[in-house]
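Listing of upload.tsv, TSV, C-alpha atoms
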```tsv
chain	number	residue	atom	x	y	z
B	28	THR	CA	-148.64	-45.10	134.59
B	29	ALA	CA	-150.65	-44.61	137.74
B	30	THR	CA	-148.28	-42.31	139.58
B	31	GLY	CA	-149.36	-38.73	139.50
B	32	VAL	CA	-153.00	-39.44	138.69
B	33	SER	CA	-153.88	-38.54	142.25
B	34	ALA	CA	-152.50	-35.05	141.69
B	35	PHE	CA	-155.10	-34.12	139.07
B	36	SER	CA	-157.48	-31.49	140.35
B	37	GLY	CA	-161.18	-31.23	139.60
B	38	ASP	CA	-160.63	-28.28	137.25
B	39	PHE	CA	-158.00	-30.17	135.33
B	40	LEU	CA	-160.25	-33.21	134.94
B	41	LYS	CA	-163.07	-30.95	133.70
B	42	SER	CA	-160.72	-29.55	131.07
B	43	LEU	CA	-160.24	-33.09	129.70
B	44	GLU	CA	-163.96	-33.71	129.16
B	45	SER	CA	-163.78	-33.09	125.43
B	46	ASP	CA	-160.74	-35.35	125.00
B	47	LEU	CA	-161.72	-38.34	127.13
B	48	SER	CA	-164.79	-40.53	127.36
B	49	GLU	CA	-167.01	-40.50	130.44
B	50	ASP	CA	-165.61	-43.93	131.36
B	51	GLN	CA	-162.04	-42.64	131.13
B	52	LEU	CA	-162.81	-39.58	133.25
B	53	ALA	CA	-164.56	-41.77	135.81
B	54	ALA	CA	-161.54	-44.10	135.84
B	55	LEU	CA	-159.18	-41.18	136.54
B	56	VAL	CA	-161.36	-40.07	139.45
B	57	GLU	CA	-161.55	-43.65	140.73
B	58	VAL	CA	-157.79	-44.10	140.44
B	59	ARG	CA	-157.21	-40.85	142.34
B	60	GLU	CA	-159.41	-42.15	145.16
B	61	LEU	CA	-157.81	-45.61	145.09
B	62	LYS	CA	-154.33	-44.10	145.21
B	63	GLN	CA	-155.28	-41.94	148.19
B	64	SER	CA	-156.60	-45.01	150.00
B	65	GLY	CA	-153.32	-46.86	149.46
B	66	VAL	CA	-154.44	-49.45	146.91
B	67	GLY	CA	-151.66	-51.23	145.03
B	68	LYS	CA	-150.39	-50.42	141.55
B	69	GLU	CA	-151.83	-53.57	139.96
B	70	GLU	CA	-155.41	-52.66	140.85
B	71	ILE	CA	-154.84	-49.12	139.62
B	72	LYS	CA	-153.39	-50.37	136.33
B	73	SER	CA	-156.39	-52.66	135.95
B	74	VAL	CA	-158.85	-49.76	136.33
B	75	LEU	CA	-156.90	-47.69	133.78
B	76	ASN	CA	-156.68	-50.59	131.31
B	77	GLU	CA	-160.41	-51.34	131.57
B	78	ALA	CA	-161.14	-47.71	130.67
B	79	GLY	CA	-158.81	-47.82	127.67
B	80	ILE	CA	-156.18	-45.61	129.22
B	81	ASP	CA	-152.85	-46.89	128.01
B	82	ARG	CA	-149.32	-45.66	128.64
B	83	GLU	CA	-149.39	-43.29	125.64
B	84	LEU	CA	-152.64	-41.65	126.72
B	85	MET	CA	-151.29	-41.28	130.27
B	86	LYS	CA	-148.24	-39.48	128.85
B	87	GLU	CA	-150.57	-37.07	127.05
B	88	ILE	CA	-152.59	-36.55	130.24
B	89	HIS	CA	-149.42	-35.93	132.24
B	90	LEU	CA	-148.17	-33.36	129.72
B	91	ALA	CA	-151.53	-31.58	129.83
B	92	ALA	CA	-151.39	-31.71	133.64
B	93	HIS	CA	-147.96	-30.08	133.67
B	94	LYS	CA	-149.23	-27.31	131.42
B	95	HIS	CA	-152.26	-26.89	133.70
B	96	ARG	CA	-149.98	-26.70	136.75
B	97	ALA	CA	-147.81	-24.05	135.07
B	98	VAL	CA	-150.86	-21.84	134.49
B	99	LEU	CA	-152.09	-22.55	138.01
B	100	HIS	CA	-148.70	-21.68	139.48
B	101	GLU	CA	-148.60	-18.38	137.61
B	102	ALA	CA	-152.06	-17.45	138.89
B	103	ILE	CA	-151.14	-18.36	142.47
B	104	GLU	CA	-147.82	-16.53	142.39
B	105	ALA	CA	-149.34	-13.42	140.77
B	106	SER	CA	-152.10	-13.27	143.38
B	107	VAL	CA	-149.64	-13.70	146.25
B	108	GLU	CA	-147.29	-11.05	144.90
B	109	ALA	CA	-150.21	-8.65	144.35
B	110	GLY	CA	-151.59	-9.38	147.82
B	111	ASP	CA	-154.92	-10.24	146.18
B	112	TYR	CA	-156.73	-12.64	148.50
B	113	THR	CA	-159.78	-13.01	146.23
B	114	ALA	CA	-157.67	-13.89	143.19
B	115	PHE	CA	-155.67	-16.32	145.34
B	116	ILE	CA	-158.81	-18.12	146.54
B	117	ASP	CA	-160.00	-18.39	142.92
B	118	ALA	CA	-156.60	-19.77	141.85
B	119	ILE	CA	-156.38	-22.44	144.56
B	120	LYS	CA	-159.92	-23.83	144.34
B	121	ASP	CA	-159.85	-27.58	143.73
B	122	THR	CA	-156.25	-27.81	144.99
B	123	PRO	CA	-154.94	-29.14	148.30
B	124	LEU	CA	-154.10	-25.55	149.29
B	125	SER	CA	-157.81	-24.71	149.41
B	126	GLU	CA	-158.09	-26.93	152.47
B	127	LYS	CA	-155.23	-25.10	154.23
B	128	ILE	CA	-155.77	-21.44	153.32
B	129	THR	CA	-159.36	-20.71	154.23
B	130	ILE	CA	-159.25	-17.18	155.68
B	131	GLU	CA	-157.44	-13.99	154.81
B	132	ASP	CA	-155.14	-14.29	157.83
B	133	ASP	CA	-153.91	-17.64	156.46
B	134	PHE	CA	-153.28	-15.98	153.10
B	135	GLU	CA	-151.18	-13.29	154.78
B	136	VAL	CA	-149.06	-15.95	156.51
B	137	PHE	CA	-148.72	-17.80	153.20
B	138	ALA	CA	-147.67	-14.57	151.42
B	139	GLU	CA	-145.12	-13.88	154.16
B	140	ALA	CA	-143.72	-17.38	153.73
B	141	HIS	CA	-143.44	-16.73	150.00
B	142	GLU	CA	-141.53	-13.50	150.64
B	143	LEU	CA	-139.20	-15.29	153.05
B	144	MET	CA	-138.62	-18.04	150.50
B	145	GLU	CA	-137.83	-15.48	147.80
B	146	ALA	CA	-135.34	-13.84	150.21
B	147	GLY	CA	-133.65	-17.21	150.82
B	148	ASN	CA	-134.98	-17.73	154.36
B	149	ARG	CA	-136.17	-21.26	153.69
B	150	GLU	CA	-136.29	-22.42	157.31
B	151	GLU	CA	-138.44	-19.49	158.48
B	152	ALA	CA	-140.69	-19.91	155.46
B	153	ARG	CA	-141.02	-23.64	156.16
B	154	GLU	CA	-142.01	-22.92	159.76
B	155	LEU	CA	-144.73	-20.50	158.65
B	156	LEU	CA	-146.04	-23.00	156.12
B	157	GLN	CA	-146.05	-25.74	158.75
B	158	SER	CA	-148.08	-23.46	161.03
B	159	LEU	CA	-150.72	-23.55	158.27
B	160	GLY	CA	-150.52	-27.34	158.08
B	161	ILE	CA	-148.56	-27.23	154.83
B	162	GLU	CA	-145.66	-29.65	154.66
B	163	GLY	CA	-142.78	-29.41	152.24
B	164	SER	CA	-140.07	-27.03	151.26
B	165	GLY	CA	-139.22	-24.64	148.50
B	166	PHE	CA	-141.93	-22.88	146.57
B	167	HIS	CA	-143.72	-26.23	146.40
B	168	HIS	CA	-145.67	-25.10	149.47
B	169	GLY	CA	-146.40	-28.72	150.23
B	170	ALA	CA	-149.03	-28.99	147.54
B	171	ARG	CA	-149.27	-32.70	148.23
B	172	LYS	CA	-147.30	-34.47	150.90
B	173	GLY	CA	-144.91	-36.80	149.13
B	174	HIS	CA	-145.59	-35.12	145.78
B	175	GLY	CA	-143.60	-31.92	146.21
B	176	HIS	CA	-142.37	-31.92	142.64
B	177	HIS	CA	-145.99	-31.92	141.52
B	178	GLY	CA	-146.62	-28.76	143.50
B	179	TRP	CA	-145.86	-25.20	142.58
B	180	ASP	CA	-142.13	-25.40	141.76
B	181	LYS	CA	-142.06	-23.11	138.73
B	182	ASP	CA	-138.68	-24.28	137.39
B	183	HIS	CA	-139.69	-27.95	137.47
B	184	VAL	CA	-143.02	-27.23	135.80
B	185	LYS	CA	-141.36	-25.11	133.11
B	186	GLN	CA	-138.93	-27.95	132.35
B	187	LYS	CA	-141.76	-30.43	132.00
B	188	VAL	CA	-143.79	-28.15	129.74
B	189	GLU	CA	-140.89	-27.31	127.40
```
Write out the structure in this file as structure tokens.
Amino acid sequence: TATGVSAFSGDFLKSLESDLSEDQLAALVEVRELKQSGVGKEEIKSVLNEAGIDRELMKEIHLAAHKHRAVLHEAIEASVEAGDYTAFIDAIKDTPLSEKITIEDDFEVFAEAHELMEAGNREEARELLQSLGIEGSGFHHGARKGHGHHGWDKDHVKQKVE
């Protein structure tokens, strides 16, 4: 139940405001922080249960998150392919990438890594991404260390949404 909660971005949580109570939204934020600090699953489950977030509701939240990630991925990929730095910065706000890509030069390196990845040069792309402090492989671009499949892998996201 608790896995993946830490991957929810600020924008995604805002989109849930009409569907969840203030207590439930606060619990999701708290769980994200607890998970990042390494707290155990039992404490996380307790916070979710106290807020009335059961397994079924978490499934709904996860499905909505996958849909949100698919839209996010499309915006990121379109901005990279268009070479549109401004659109890229708008697309990555409230994501872990916003901490890594902070200037246009970083964006250019990121776009080059994307081109290399598309051409099948995974190792070169990985090296460029690592130079930006982004860990991971594939088109995940290391969205979250240890959570690569929750990153920008378009095929995985499409599977989850369908």
Excluding region 129-134 of chain B and any residue of its chain fewer than 3 positions from it, enumerate the residues within 7 Å of it, using all atoms listed in the file, and give them as a PDB file with C-alpha atoms, in the frame of the given file.
```
ATOM      1  CA  TYR B 112    -156.730 -12.640 148.500  1.00  0.00           C
ATOM      2  CA  SER B 125    -157.810 -24.710 149.410  1.00  0.00           C
ATOM      3  CA  GLU B 126    -158.090 -26.930 152.470  1.00  0.00           C
ATOM      4  CA  PHE B 137    -148.720 -17.800 153.200  1.00  0.00           C
ATOM      5  CA  ALA B 138    -147.670 -14.570 151.420  1.00  0.00           C
ATOM      6  CA  LEU B 159    -150.720 -23.550 158.270  1.00  0.00           C
TER       7      LEU B 159
END
```
Would you mind telling me which residue in B:Val98, B:Leu43, B:Ala53, B:Ala92 lies nearest to Glu77 (chain B) when using all atoms listed in the file?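 Of the candidates, the smallest distance to Glu77 (chain B) is held by B:Ala53.
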Using only C-alpha atoms, which residue out of B:Gln63, B:Glu154, B:Asp50, B:Glu101 lies closest to Ala78 (chain B)? B:Asp50
I need the residue nearest His89 (chain B) from this list: B:Leu55, B:Gly65, B:Ser158, B:Arg153. Use only C-alpha atoms for the distance.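 That would be B:Leu55, the residue with the smallest distance to His89 (chain B).
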Can you work out the spacing between CA of Glu151 (chain B) and CA of Asp121 (chain B) in Å, to one decimal?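 Taking CA of Glu151 (chain B) as the start and CA of Asp121 (chain B) as the end point, the length is 27.2 Å.
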Under the rule that all atoms listed in the file are counted, which of B:Val107, B:Met144, B:Ile116, B:Val74 is the nearest residue to Arg59 (chain B)?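 Nearest to Arg59 (chain B): B:Val74.
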Let me make sure I understand: among B:Arg82, B:Thr113, B:Phe39, B:Ser73, which one has the smallest atom-to-atom distance to Leu99 (chain B) if we use all atoms listed in the file?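 So, comparing all the options, the nearest one is B:Phe39.
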From the set B:Leu75, B:Asp111, B:Thr122, B:Lys68, which residue has the shortest atom-to-atom contact distance to Val56 (chain B), counting all atoms listed in the file? B:Leu75
Two-atom distance - CA of Glu142 (chain B), CA of Glu108 (chain B) (Å):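 Answer for the CA of Glu142 (chain B) to CA of Glu108 (chain B) separation: 8.5 Å.
For the pair CA of Ile88 (chain B) and CA of Lys72 (chain B), the separation is 15.1 Å.
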Please return as a list in words every residue within 9 Å of (-158.9, -41.2, 127.8), taking into account all atoms listed in the file and the file's own coordinates. Leu43, Asp46, Leu47, Ser48, Glu49, Asp50, Gln51, Leu52, Ala54, Leu55, Ala78, Gly79, Ile80, Asp81, Leu84, Met85 and Ile88 of chain B
Just add all heavy atoms to region 135-146 of chain B and send it as a compact mmCIF listing (two decimals), in the frame of the given file.
```txt
# COMPACT_ATOMS: atom_id res chain seq x y z
N GLU B 135 -152.26 -14.20 154.42
CA GLU B 135 -151.18 -13.29 154.78
C GLU B 135 -149.96 -14.05 155.27
O GLU B 135 -148.83 -13.69 154.95
CB GLU B 135 -151.69 -12.27 155.81
CG GLU B 135 -152.67 -11.29 155.20
CD GLU B 135 -153.35 -10.39 156.21
OE1 GLU B 135 -152.93 -10.34 157.39
OE2 GLU B 135 -154.33 -9.71 155.81
N VAL B 136 -150.17 -15.12 156.04
CA VAL B 136 -149.06 -15.95 156.51
C VAL B 136 -148.41 -16.63 155.31
O VAL B 136 -147.17 -16.68 155.19
CB VAL B 136 -149.55 -16.99 157.54
CG1 VAL B 136 -148.46 -18.00 157.87
CG2 VAL B 136 -150.03 -16.28 158.81
N PHE B 137 -149.22 -17.15 154.40
CA PHE B 137 -148.72 -17.80 153.20
C PHE B 137 -147.88 -16.82 152.37
O PHE B 137 -146.79 -17.16 151.90
CB PHE B 137 -149.90 -18.34 152.38
CG PHE B 137 -149.51 -19.16 151.20
CD1 PHE B 137 -149.26 -20.52 151.32
CD2 PHE B 137 -149.40 -18.59 149.94
CE1 PHE B 137 -148.91 -21.30 150.23
CE2 PHE B 137 -149.05 -19.35 148.83
CZ PHE B 137 -148.81 -20.71 148.98
N ALA B 138 -148.39 -15.59 152.19
CA ALA B 138 -147.67 -14.57 151.42
C ALA B 138 -146.35 -14.22 152.11
O ALA B 138 -145.32 -14.03 151.44
CB ALA B 138 -148.54 -13.33 151.25
N GLU B 139 -146.36 -14.15 153.43
CA GLU B 139 -145.12 -13.88 154.16
C GLU B 139 -144.12 -15.00 153.95
O GLU B 139 -142.92 -14.76 153.75
CB GLU B 139 -145.42 -13.69 155.65
CG GLU B 139 -144.20 -13.31 156.46
CD GLU B 139 -144.50 -13.11 157.95
OE1 GLU B 139 -145.68 -13.05 158.34
OE2 GLU B 139 -143.52 -13.02 158.71
N ALA B 140 -144.61 -16.24 153.98
CA ALA B 140 -143.72 -17.38 153.73
C ALA B 140 -143.12 -17.30 152.32
O ALA B 140 -141.94 -17.59 152.12
CB ALA B 140 -144.48 -18.69 153.91
N HIS B 141 -143.93 -16.89 151.37
CA HIS B 141 -143.44 -16.73 150.00
C HIS B 141 -142.34 -15.68 149.95
O HIS B 141 -141.30 -15.90 149.32
CB HIS B 141 -144.60 -16.35 149.07
CG HIS B 141 -144.15 -16.03 147.68
ND1 HIS B 141 -143.61 -16.96 146.84
CD2 HIS B 141 -144.16 -14.86 146.99
CE1 HIS B 141 -143.30 -16.39 145.69
NE2 HIS B 141 -143.63 -15.11 145.75
N GLU B 142 -142.54 -14.55 150.61
CA GLU B 142 -141.53 -13.50 150.64
C GLU B 142 -140.24 -14.00 151.29
O GLU B 142 -139.14 -13.72 150.79
CB GLU B 142 -142.04 -12.28 151.40
CG GLU B 142 -143.09 -11.49 150.66
CD GLU B 142 -143.64 -10.32 151.47
OE1 GLU B 142 -142.94 -9.82 152.38
OE2 GLU B 142 -144.79 -9.93 151.20
N LEU B 143 -140.38 -14.74 152.38
CA LEU B 143 -139.20 -15.29 153.05
C LEU B 143 -138.45 -16.26 152.13
O LEU B 143 -137.22 -16.26 152.07
CB LEU B 143 -139.59 -16.00 154.35
CG LEU B 143 -140.00 -15.09 155.50
CD1 LEU B 143 -140.68 -15.90 156.61
CD2 LEU B 143 -138.79 -14.33 156.04
N MET B 144 -139.22 -17.08 151.42
CA MET B 144 -138.62 -18.04 150.50
C MET B 144 -137.86 -17.30 149.39
O MET B 144 -136.73 -17.66 149.07
CB MET B 144 -139.72 -18.92 149.89
CG MET B 144 -139.21 -20.14 149.19
SD MET B 144 -138.44 -21.36 150.28
CE MET B 144 -139.83 -21.86 151.26
N GLU B 145 -138.47 -16.27 148.85
CA GLU B 145 -137.83 -15.48 147.80
C GLU B 145 -136.54 -14.83 148.32
O GLU B 145 -135.60 -14.65 147.56
CB GLU B 145 -138.78 -14.40 147.28
CG GLU B 145 -139.99 -14.95 146.54
CD GLU B 145 -139.66 -15.50 145.18
OE1 GLU B 145 -138.99 -14.80 144.40
OE2 GLU B 145 -140.06 -16.64 144.90
N ALA B 146 -136.51 -14.47 149.61
CA ALA B 146 -135.34 -13.84 150.21
C ALA B 146 -134.29 -14.87 150.64
O ALA B 146 -133.24 -14.50 151.15
CB ALA B 146 -135.76 -12.98 151.40
```
